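One file, final.pdb, carrying PDB, C-alpha atoms, pLDDT in the B column:
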```pdb
ATOM      1  CA  MET A   1     -12.018  -6.585  15.289  1.00 41.00           C
ATOM      2  CA  ALA A   2     -15.624  -7.603  15.945  1.00 51.00           C
ATOM      3  CA  GLY A   3     -15.564 -10.212  13.204  1.00 63.00           C
ATOM      4  CA  ALA A   4     -14.473  -7.826  10.472  1.00 80.00           C
ATOM      5  CA  ALA A   5     -10.981  -7.295   9.091  1.00 89.00           C
ATOM      6  CA  THR A   6      -9.312  -3.904   8.885  1.00 94.00           C
ATOM      7  CA  VAL A   7      -8.648  -3.285   5.182  1.00 95.00           C
ATOM      8  CA  PHE A   8      -5.798  -1.212   3.748  1.00 97.00           C
ATOM      9  CA  ALA A   9      -5.547  -0.456   0.030  1.00 96.00           C
ATOM     10  CA  VAL A  10      -2.287   0.656  -1.593  1.00 97.00           C
ATOM     11  CA  LEU A  11      -3.226   2.549  -4.738  1.00 94.00           C
ATOM     12  CA  ASN A  12      -1.734   4.869  -7.317  1.00 89.00           C
ATOM     13  CA  GLN A  13      -2.930   5.277 -10.884  1.00 80.00           C
ATOM     14  CA  LYS A  14       0.662   5.859 -11.995  1.00 80.00           C
ATOM     15  CA  GLY A  15       2.973   2.895 -12.425  1.00 80.00           C
ATOM     16  CA  GLY A  16       6.426   2.913 -10.885  1.00 84.00           C
ATOM     17  CA  ALA A  17       5.432   4.616  -7.633  1.00 88.00           C
ATOM     18  CA  GLY A  18       6.525   1.656  -5.487  1.00 93.00           C
ATOM     19  CA  LYS A  19       3.005   0.473  -4.727  1.00 95.00           C
ATOM     20  CA  THR A  20       3.808  -3.239  -4.516  1.00 96.00           C
ATOM     21  CA  THR A  21       6.899  -2.639  -2.372  1.00 97.00           C
ATOM     22  CA  VAL A  22       4.780  -0.735   0.139  1.00 98.00           C
ATOM     23  CA  ALA A  23       1.944  -3.294   0.076  1.00 98.00           C
ATOM     24  CA  VAL A  24       4.185  -6.333   0.543  1.00 98.00           C
ATOM     25  CA  ASN A  25       6.166  -4.845   3.404  1.00 98.00           C
ATOM     26  CA  LEU A  26       3.062  -3.376   5.034  1.00 98.00           C
ATOM     27  CA  ALA A  27       1.593  -6.883   5.032  1.00 98.00           C
ATOM     28  CA  GLY A  28       4.814  -8.203   6.535  1.00 98.00           C
ATOM     29  CA  GLY A  29       4.599  -5.683   9.371  1.00 98.00           C
ATOM     30  CA  LEU A  30       0.895  -6.169  10.034  1.00 98.00           C
ATOM     31  CA  ALA A  31       1.462  -9.929  10.200  1.00 98.00           C
ATOM     32  CA  LYS A  32       3.463  -9.317  13.371  1.00 97.00           C
ATOM     33  CA  ARG A  33       0.309  -7.847  14.930  1.00 97.00           C
ATOM     34  CA  GLY A  34      -2.332 -10.298  13.754  1.00 97.00           C
ATOM     35  CA  SER A  35      -3.359 -12.646  10.966  1.00 97.00           C
ATOM     36  CA  THR A  36      -2.924 -10.863   7.638  1.00 98.00           C
ATOM     37  CA  VAL A  37      -3.829 -11.549   4.022  1.00 97.00           C
ATOM     38  CA  LEU A  38      -2.276  -9.722   1.086  1.00 97.00           C
ATOM     39  CA  LEU A  39      -4.689  -9.625  -1.861  1.00 96.00           C
ATOM     40  CA  ASP A  40      -2.999  -9.090  -5.217  1.00 95.00           C
ATOM     41  CA  LEU A  41      -5.495  -7.207  -7.416  1.00 93.00           C
ATOM     42  CA  ASP A  42      -2.933  -6.271 -10.056  1.00 90.00           C
ATOM     43  CA  PRO A  43      -3.229  -8.418 -13.212  1.00 87.00           C
ATOM     44  CA  GLN A  44       0.582  -8.415 -13.401  1.00 89.00           C
ATOM     45  CA  GLY A  45       0.637 -10.384 -10.135  1.00 93.00           C
ATOM     46  CA  SER A  46       3.803  -8.725  -8.825  1.00 94.00           C
ATOM     47  CA  ALA A  47       2.973  -9.215  -5.143  1.00 96.00           C
ATOM     48  CA  THR A  48       2.142 -12.883  -5.719  1.00 95.00           C
ATOM     49  CA  GLN A  49       5.418 -13.441  -7.561  1.00 96.00           C
ATOM     50  CA  TRP A  50       7.347 -11.600  -4.851  1.00 96.00           C
ATOM     51  CA  ALA A  51       5.977 -13.724  -2.008  1.00 94.00           C
ATOM     52  CA  ALA A  52       6.465 -16.960  -3.961  1.00 93.00           C
ATOM     53  CA  ALA A  53      10.084 -16.241  -4.885  1.00 89.00           C
ATOM     54  CA  GLY A  54      11.742 -16.975  -1.560  1.00 85.00           C
ATOM     55  CA  THR A  55      12.839 -19.997   0.384  1.00 83.00           C
ATOM     56  CA  GLN A  56      11.390 -18.492   3.587  1.00 90.00           C
ATOM     57  CA  THR A  57       7.644 -18.649   4.190  1.00 94.00           C
ATOM     58  CA  PHE A  58       6.097 -15.227   3.699  1.00 96.00           C
ATOM     59  CA  PRO A  59       4.474 -14.158   7.023  1.00 96.00           C
ATOM     60  CA  ALA A  60       1.135 -13.128   5.478  1.00 97.00           C
ATOM     61  CA  THR A  61      -1.237 -15.226   3.389  1.00 96.00           C
ATOM     62  CA  VAL A  62      -1.053 -14.082  -0.249  1.00 96.00           C
ATOM     63  CA  LYS A  63      -3.923 -14.513  -2.693  1.00 94.00           C
ATOM     64  CA  GLN A  64      -4.400 -13.281  -6.235  1.00 91.00           C
ATOM     65  CA  LEU A  65      -7.959 -12.015  -6.505  1.00 82.00           C
ATOM     66  CA  GLY A  66      -9.421 -11.921 -10.001  1.00 66.00           C
ATOM     67  CA  MET A  67     -12.383  -9.920 -11.147  1.00 55.00           C
ATOM     68  CA  GLY A  68     -14.710 -12.675 -10.026  1.00 51.00           C
ATOM     69  CA  GLY A  69     -14.393 -10.962  -6.655  1.00 50.00           C
ATOM     70  CA  ALA A  70     -15.143  -7.445  -7.893  1.00 53.00           C
ATOM     71  CA  HIS A  71     -18.256  -7.041  -5.785  1.00 60.00           C
ATOM     72  CA  ARG A  72     -17.152  -8.911  -2.682  1.00 72.00           C
ATOM     73  CA  ASP A  73     -17.490  -7.503   0.807  1.00 79.00           C
ATOM     74  CA  LEU A  74     -13.820  -7.632   1.691  1.00 84.00           C
ATOM     75  CA  ARG A  75     -14.267  -7.049   5.420  1.00 81.00           C
ATOM     76  CA  LYS A  76     -16.748  -9.911   5.762  1.00 82.00           C
ATOM     77  CA  ASP A  77     -15.297 -12.304   3.195  1.00 86.00           C
ATOM     78  CA  PHE A  78     -11.900 -12.126   4.885  1.00 91.00           C
ATOM     79  CA  ARG A  79     -13.152 -11.763   8.457  1.00 89.00           C
ATOM     80  CA  ALA A  80     -10.998 -14.728   9.477  1.00 93.00           C
ATOM     81  CA  PHE A  81      -8.080 -12.284   9.231  1.00 96.00           C
ATOM     82  CA  ASP A  82      -7.292  -9.287  11.391  1.00 96.00           C
ATOM     83  CA  PHE A  83      -5.827  -7.298   8.497  1.00 97.00           C
ATOM     84  CA  VAL A  84      -6.295  -7.233   4.736  1.00 96.00           C
ATOM     85  CA  VAL A  85      -3.836  -5.428   2.435  1.00 97.00           C
ATOM     86  CA  LEU A  86      -4.837  -4.758  -1.175  1.00 96.00           C
ATOM     87  CA  ASP A  87      -2.154  -4.282  -3.817  1.00 95.00           C
ATOM     88  CA  CYS A  88      -4.149  -2.438  -6.474  1.00 93.00           C
ATOM     89  CA  PRO A  89      -3.451  -2.153 -10.215  1.00 88.00           C
ATOM     90  CA  PRO A  90      -1.902   1.086 -11.547  1.00 83.00           C
ATOM     91  CA  SER A  91      -5.250   2.495 -12.657  1.00 74.00           C
ATOM     92  CA  ALA A  92      -7.882   4.439 -10.749  1.00 64.00           C
ATOM     93  CA  ASP A  93     -10.456   3.532 -13.408  1.00 69.00           C
ATOM     94  CA  SER A  94     -10.235  -0.243 -13.063  1.00 80.00           C
ATOM     95  CA  ARG A  95     -12.957  -2.316 -11.428  1.00 84.00           C
ATOM     96  CA  GLU A  96     -10.347  -3.639  -9.014  1.00 85.00           C
ATOM     97  CA  ALA A  97      -9.481  -0.112  -7.852  1.00 86.00           C
ATOM     98  CA  GLU A  98     -13.158   0.744  -7.527  1.00 87.00           C
ATOM     99  CA  MET A  99     -13.721  -2.342  -5.393  1.00 87.00           C
ATOM    100  CA  ALA A 100     -10.709  -1.478  -3.260  1.00 91.00           C
ATOM    101  CA  LEU A 101     -11.869   2.087  -2.590  1.00 92.00           C
ATOM    102  CA  GLN A 102     -15.380   0.982  -1.735  1.00 90.00           C
ATOM    103  CA  GLY A 103     -14.227  -1.888   0.474  1.00 91.00           C
ATOM    104  CA  CYS A 104     -11.251  -0.547   2.409  1.00 94.00           C
ATOM    105  CA  ASP A 105     -10.925   1.423   5.606  1.00 95.00           C
ATOM    106  CA  THR A 106      -7.780   3.274   4.574  1.00 97.00           C
ATOM    107  CA  VAL A 107      -6.155   3.953   1.204  1.00 97.00           C
ATOM    108  CA  ILE A 108      -2.424   4.663   1.092  1.00 97.00           C
ATOM    109  CA  ILE A 109      -1.156   6.493  -1.985  1.00 94.00           C
ATOM    110  CA  PRO A 110       2.619   6.164  -2.485  1.00 94.00           C
ATOM    111  CA  VAL A 111       4.016   9.110  -4.422  1.00 90.00           C
ATOM    112  CA  LEU A 112       7.535   9.791  -5.612  1.00 89.00           C
ATOM    113  CA  PRO A 113       9.233  13.026  -4.482  1.00 85.00           C
ATOM    114  CA  SER A 114       8.652  14.725  -7.805  1.00 83.00           C
ATOM    115  CA  PRO A 115       5.912  17.239  -8.647  1.00 81.00           C
ATOM    116  CA  VAL A 116       5.550  15.645 -12.087  1.00 81.00           C
ATOM    117  CA  ASP A 117       4.868  12.240 -10.551  1.00 81.00           C
ATOM    118  CA  LEU A 118       2.418  13.712  -8.075  1.00 81.00           C
ATOM    119  CA  TRP A 119       0.547  15.732 -10.691  1.00 80.00           C
ATOM    120  CA  ALA A 120       0.153  12.531 -12.717  1.00 79.00           C
ATOM    121  CA  SER A 121      -2.009  11.224  -9.857  1.00 80.00           C
ATOM    122  CA  LEU A 122      -4.223  14.281  -9.411  1.00 80.00           C
ATOM    123  CA  ARG A 123      -7.344  12.415 -10.491  1.00 83.00           C
ATOM    124  CA  LEU A 124      -7.220  10.238  -7.387  1.00 87.00           C
ATOM    125  CA  PRO A 125      -8.783  12.755  -4.958  1.00 88.00           C
ATOM    126  CA  ALA A 126     -11.907  12.857  -7.139  1.00 88.00           C
ATOM    127  CA  GLU A 127     -12.030   9.054  -7.216  1.00 90.00           C
ATOM    128  CA  ILE A 128     -11.714   8.962  -3.435  1.00 92.00           C
ATOM    129  CA  GLU A 129     -14.498  11.506  -2.946  1.00 92.00           C
ATOM    130  CA  GLN A 130     -16.739   9.470  -5.220  1.00 91.00           C
ATOM    131  CA  ALA A 131     -15.966   6.307  -3.236  1.00 92.00           C
ATOM    132  CA  ARG A 132     -16.890   8.107  -0.005  1.00 93.00           C
ATOM    133  CA  GLN A 133     -20.465   8.332  -1.208  1.00 93.00           C
ATOM    134  CA  ARG A 134     -20.709   4.610  -0.485  1.00 90.00           C
ATOM    135  CA  ASN A 135     -17.800   4.195   1.944  1.00 93.00           C
ATOM    136  CA  ARG A 136     -18.305   7.177   4.233  1.00 93.00           C
ATOM    137  CA  ASN A 137     -15.528   6.391   6.694  1.00 93.00           C
ATOM    138  CA  LEU A 138     -12.842   5.965   4.039  1.00 96.00           C
ATOM    139  CA  GLN A 139      -9.535   7.540   5.030  1.00 97.00           C
ATOM    140  CA  ALA A 140      -6.843   8.443   2.508  1.00 96.00           C
ATOM    141  CA  PHE A 141      -3.198   9.415   2.995  1.00 96.00           C
ATOM    142  CA  LEU A 142      -0.283  10.264   0.743  1.00 93.00           C
ATOM    143  CA  LEU A 143       2.964   8.399   1.481  1.00 93.00           C
ATOM    144  CA  LEU A 144       6.214   9.909   0.260  1.00 90.00           C
ATOM    145  CA  ASN A 145       8.191   7.045  -1.250  1.00 91.00           C
ATOM    146  CA  GLN A 146      11.815   6.602  -2.352  1.00 91.00           C
ATOM    147  CA  ILE A 147      12.999   9.730  -0.553  1.00 88.00           C
ATOM    148  CA  GLU A 148      16.734  10.339  -0.884  1.00 84.00           C
ATOM    149  CA  ASN A 149      18.645  10.502   2.385  1.00 72.00           C
ATOM    150  CA  ARG A 150      19.237  14.049   3.633  1.00 67.00           C
ATOM    151  CA  SER A 151      17.100  15.502   0.845  1.00 67.00           C
ATOM    152  CA  ALA A 152      14.605  18.259   1.570  1.00 69.00           C
ATOM    153  CA  LEU A 153      11.387  18.514  -0.393  1.00 71.00           C
ATOM    154  CA  SER A 154      11.516  21.262  -2.968  1.00 65.00           C
ATOM    155  CA  ALA A 155       9.102  24.176  -2.860  1.00 70.00           C
ATOM    156  CA  ALA A 156       7.514  22.807  -6.027  1.00 74.00           C
ATOM    157  CA  MET A 157       6.909  19.461  -4.328  1.00 77.00           C
ATOM    158  CA  GLN A 158       5.371  21.148  -1.298  1.00 77.00           C
ATOM    159  CA  ASP A 159       3.045  23.096  -3.600  1.00 79.00           C
ATOM    160  CA  ALA A 160       2.121  19.902  -5.445  1.00 78.00           C
ATOM    161  CA  LEU A 161       1.309  18.126  -2.176  1.00 83.00           C
ATOM    162  CA  ALA A 162      -0.914  21.013  -1.127  1.00 83.00           C
ATOM    163  CA  GLU A 163      -2.705  20.913  -4.478  1.00 80.00           C
ATOM    164  CA  PHE A 164      -3.509  17.251  -3.931  1.00 83.00           C
ATOM    165  CA  GLY A 165      -5.610  18.166  -0.895  1.00 87.00           C
ATOM    166  CA  LEU A 166      -5.037  14.947   1.060  1.00 91.00           C
ATOM    167  CA  PRO A 167      -3.169  14.478   4.344  1.00 93.00           C
ATOM    168  CA  VAL A 168       0.441  13.329   4.113  1.00 91.00           C
ATOM    169  CA  LEU A 169       1.797  10.680   6.471  1.00 92.00           C
ATOM    170  CA  LYS A 170       4.639  11.945   8.644  1.00 91.00           C
ATOM    171  CA  SER A 171       6.494   8.694   8.019  1.00 93.00           C
ATOM    172  CA  VAL A 172       8.315   8.247   4.716  1.00 91.00           C
ATOM    173  CA  VAL A 173       9.927   5.400   2.800  1.00 94.00           C
ATOM    174  CA  ARG A 174      13.508   6.151   1.817  1.00 93.00           C
ATOM    175  CA  ARG A 175      15.316   4.934  -1.262  1.00 93.00           C
ATOM    176  CA  ARG A 176      17.072   1.802  -0.033  1.00 96.00           C
ATOM    177  CA  SER A 177      18.546  -1.055  -2.051  1.00 96.00           C
ATOM    178  CA  VAL A 178      17.334  -3.476   0.626  1.00 97.00           C
ATOM    179  CA  TYR A 179      13.757  -3.173  -0.688  1.00 97.00           C
ATOM    180  CA  LYS A 180      14.899  -4.520  -4.068  1.00 96.00           C
ATOM    181  CA  THR A 181      16.889  -7.228  -2.330  1.00 96.00           C
ATOM    182  CA  ALA A 182      13.778  -8.235  -0.376  1.00 97.00           C
ATOM    183  CA  ALA A 183      11.873  -8.636  -3.646  1.00 96.00           C
ATOM    184  CA  LEU A 184      14.626 -10.807  -5.108  1.00 95.00           C
ATOM    185  CA  GLU A 185      14.656 -12.973  -1.979  1.00 96.00           C
ATOM    186  CA  GLY A 186      10.843 -13.177  -1.782  1.00 96.00           C
ATOM    187  CA  VAL A 187      10.618 -11.816   1.751  1.00 97.00           C
ATOM    188  CA  SER A 188       9.594  -8.692   3.621  1.00 97.00           C
ATOM    189  CA  VAL A 189      12.294  -6.473   5.102  1.00 98.00           C
ATOM    190  CA  TYR A 190      11.229  -7.799   8.519  1.00 98.00           C
ATOM    191  CA  GLN A 191      12.678 -11.196   7.564  1.00 97.00           C
ATOM    192  CA  MET A 192      16.108  -9.860   6.644  1.00 97.00           C
ATOM    193  CA  GLY A 193      17.633  -9.428  10.081  1.00 96.00           C
ATOM    194  CA  ALA A 194      20.143  -6.607  10.459  1.00 98.00           C
ATOM    195  CA  ARG A 195      20.108  -5.894   6.722  1.00 97.00           C
ATOM    196  CA  GLY A 196      16.452  -4.921   6.834  1.00 98.00           C
ATOM    197  CA  GLN A 197      16.376  -3.236  10.231  1.00 98.00           C
ATOM    198  CA  ALA A 198      16.315   0.386   9.030  1.00 97.00           C
ATOM    199  CA  ALA A 199      13.715  -0.347   6.362  1.00 98.00           C
ATOM    200  CA  ALA A 200      11.553  -2.282   8.818  1.00 98.00           C
ATOM    201  CA  ALA A 201      11.665   0.705  11.163  1.00 98.00           C
ATOM    202  CA  GLU A 202      10.235   2.852   8.344  1.00 97.00           C
ATOM    203  CA  ILE A 203       7.365   0.444   7.773  1.00 98.00           C
ATOM    204  CA  GLU A 204       6.764   0.236  11.524  1.00 98.00           C
ATOM    205  CA  ALA A 205       6.435   4.009  11.700  1.00 98.00           C
ATOM    206  CA  ILE A 206       3.821   3.947   8.932  1.00 98.00           C
ATOM    207  CA  ILE A 207       1.831   1.210  10.667  1.00 98.00           C
ATOM    208  CA  LYS A 208       1.888   3.095  13.984  1.00 97.00           C
ATOM    209  CA  GLU A 209       0.407   6.134  12.224  1.00 96.00           C
ATOM    210  CA  LEU A 210      -2.323   4.049  10.635  1.00 95.00           C
ATOM    211  CA  VAL A 211      -3.312   1.496  13.283  1.00 88.00           C
TER
END
```

Using the file provided, produce a representation of the structure as structure tokens.
Amino acid sequence: MAGAATVFAVLNQKGGAGKTTVAVNLAGGLAKRGSTVLLDLDPQGSATQWAAAGTQTFPATVKQLGMGGAHRDLRKDFRAFDFVVLDCPPSADSREAEMALQGCDTVIIPVLPSPVDLWASLRLPAEIEQARQRNRNLQAFLLLNQIENRSALSAAMQDALAEFGLPVLKSVVRRRSVYKTAALEGVSVYQMGARGQAAAAEIEAIIKELV
């Protein structure tokens, strides 16, 4: 890593898109590859509460980062880690989101399989383009989240994805009760043995696309 962490931001300006679920489990998967810190930028502190809820030790370091760190160089400040995952607040206009976009290598945008939910996030491409003026190598991907098993995307959803104008990860996250169970137990799906195996495979597929 040449003394600098690889930084992933999980961002969506719409609440309820499963952002924290993706961030927490992404951190759990990356922790199997190298030292990882999960930075909770959301004032609600959902990721922090999740990781603190269990009896097992969460595999990544978890820190809640207040606005005192709004202008930090995330790659350098957390260079002791191989990977940094940012769980951003549900707002593209916040200073935390701005910091995340300017300081990350890759932004992952979880979206629900509904055109209405996707259209609610249509401001994000403009925010990403603005961030690229200072962070020229910024990559951004849509991640389809909470996909029903055996469901095909509707034509309206395909049109909405095309309108967004950002690449879509081939890997998806399916609607699985085990993700909620992981939150209740304060662990990542990687720590759940056979119960979490299918979900962990989904997160693994995402990481292999990104890393």

(request) Tell me which protein, DNA and RNA residues are within 9 Å of A:Asp42, counting only C-alpha atoms, leaving out same-chain ones fewer than 6 positions away, and put them as a list in words. (result)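 Final neighbour list, sorted by chain and number: Gln64, Leu65, Gly66, Asp87, Cys88, Pro89, Pro90 and Glu96 of chain A.
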
(request) Can you pull out every residue within 9 Å of stretch 81-86 of chain A, counting all atoms listed in the file, but drop anything in the same chain fewer than 6 positions away, and send it as number ranges by chain? (result) A: 1, 3-11, 23-24, 26-27, 30-31, 33-41, 74-75, 100, 104

(request) Just give me the gap between atom CA of A:Pro110 and atom CA of A:Asn137 in Å, one decimal is fine. (result) 20.3 Å

(message) Please expand the PyMOL selection byres ((chain A and resi 116-120) around 12) into the concrete residues it hits in this file, giving the result as JSON, numbers by chain.
(response) {"A": [12, 13, 14, 15, 16, 17, 18, 90, 91, 92, 109, 110, 111, 112, 113, 114, 115, 121, 122, 123, 124, 125, 142, 143, 144, 145, 156, 157, 158, 159, 160, 161, 162, 163, 164, 165, 166]}

(message) What does the structure give for the distance between atom CA of A:Leu101 and atom CA of A:Ala131, in Å to one decimal?
(response) 5.9 Å

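Put simply, atom CA of A:Ala183 is 9.7 Å away from atom CA of A:Thr20.
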
Residues near A:Arg174, cut-off 7 Å, only C-alpha atoms, skip fewer than 3 positions along chain, as a PDB file with C-alpha atoms, in the coordinates of the input:
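The result, written out as selection.pdb:
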```
ATOM      1  CA  ASN A 145       8.191   7.045  -1.250  1.00 91.00           C
ATOM      2  CA  GLN A 146      11.815   6.602  -2.352  1.00 91.00           C
ATOM      3  CA  ILE A 147      12.999   9.730  -0.553  1.00 88.00           C
ATOM      4  CA  GLU A 148      16.734  10.339  -0.884  1.00 84.00           C
ATOM      5  CA  ASN A 149      18.645  10.502   2.385  1.00 72.00           C
TER       6      ASN A 149
END
```

(request) Pick out the residues sitting within 9 Å of A:Glu209, and hand them over as a PyMOL selection string; count only C-alpha atoms, and ignore anything fewer than 5 positions along from it in its own chain. (result) chain A and resi 169-171+204

(request) Rank nothing, just name the residue among A:Asp77, A:Arg134, A:Pro59, A:Ala140 nearest to A:Asp105, using only C-alpha atoms. (result)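 Selected residue with least distance to A:Asp105: A:Ala140.
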
(message) Given the point (18.4, -15.3, -0.5) in the file's coordinates, find the residues that have an atom at most 9 Å from it, counting only C-alpha atoms, and give them as a PyMOL selection string.
(response) chain A and resi 54-56+181-182+184-187

(request) Would you please work out which residue, of A:Ala194, A:Val172, A:Ala52, A:Ala200, is nearest to A:Ile108 when using all atoms listed in the file? (result)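 Smallest separation from A:Ile108 among the options: A:Val172.
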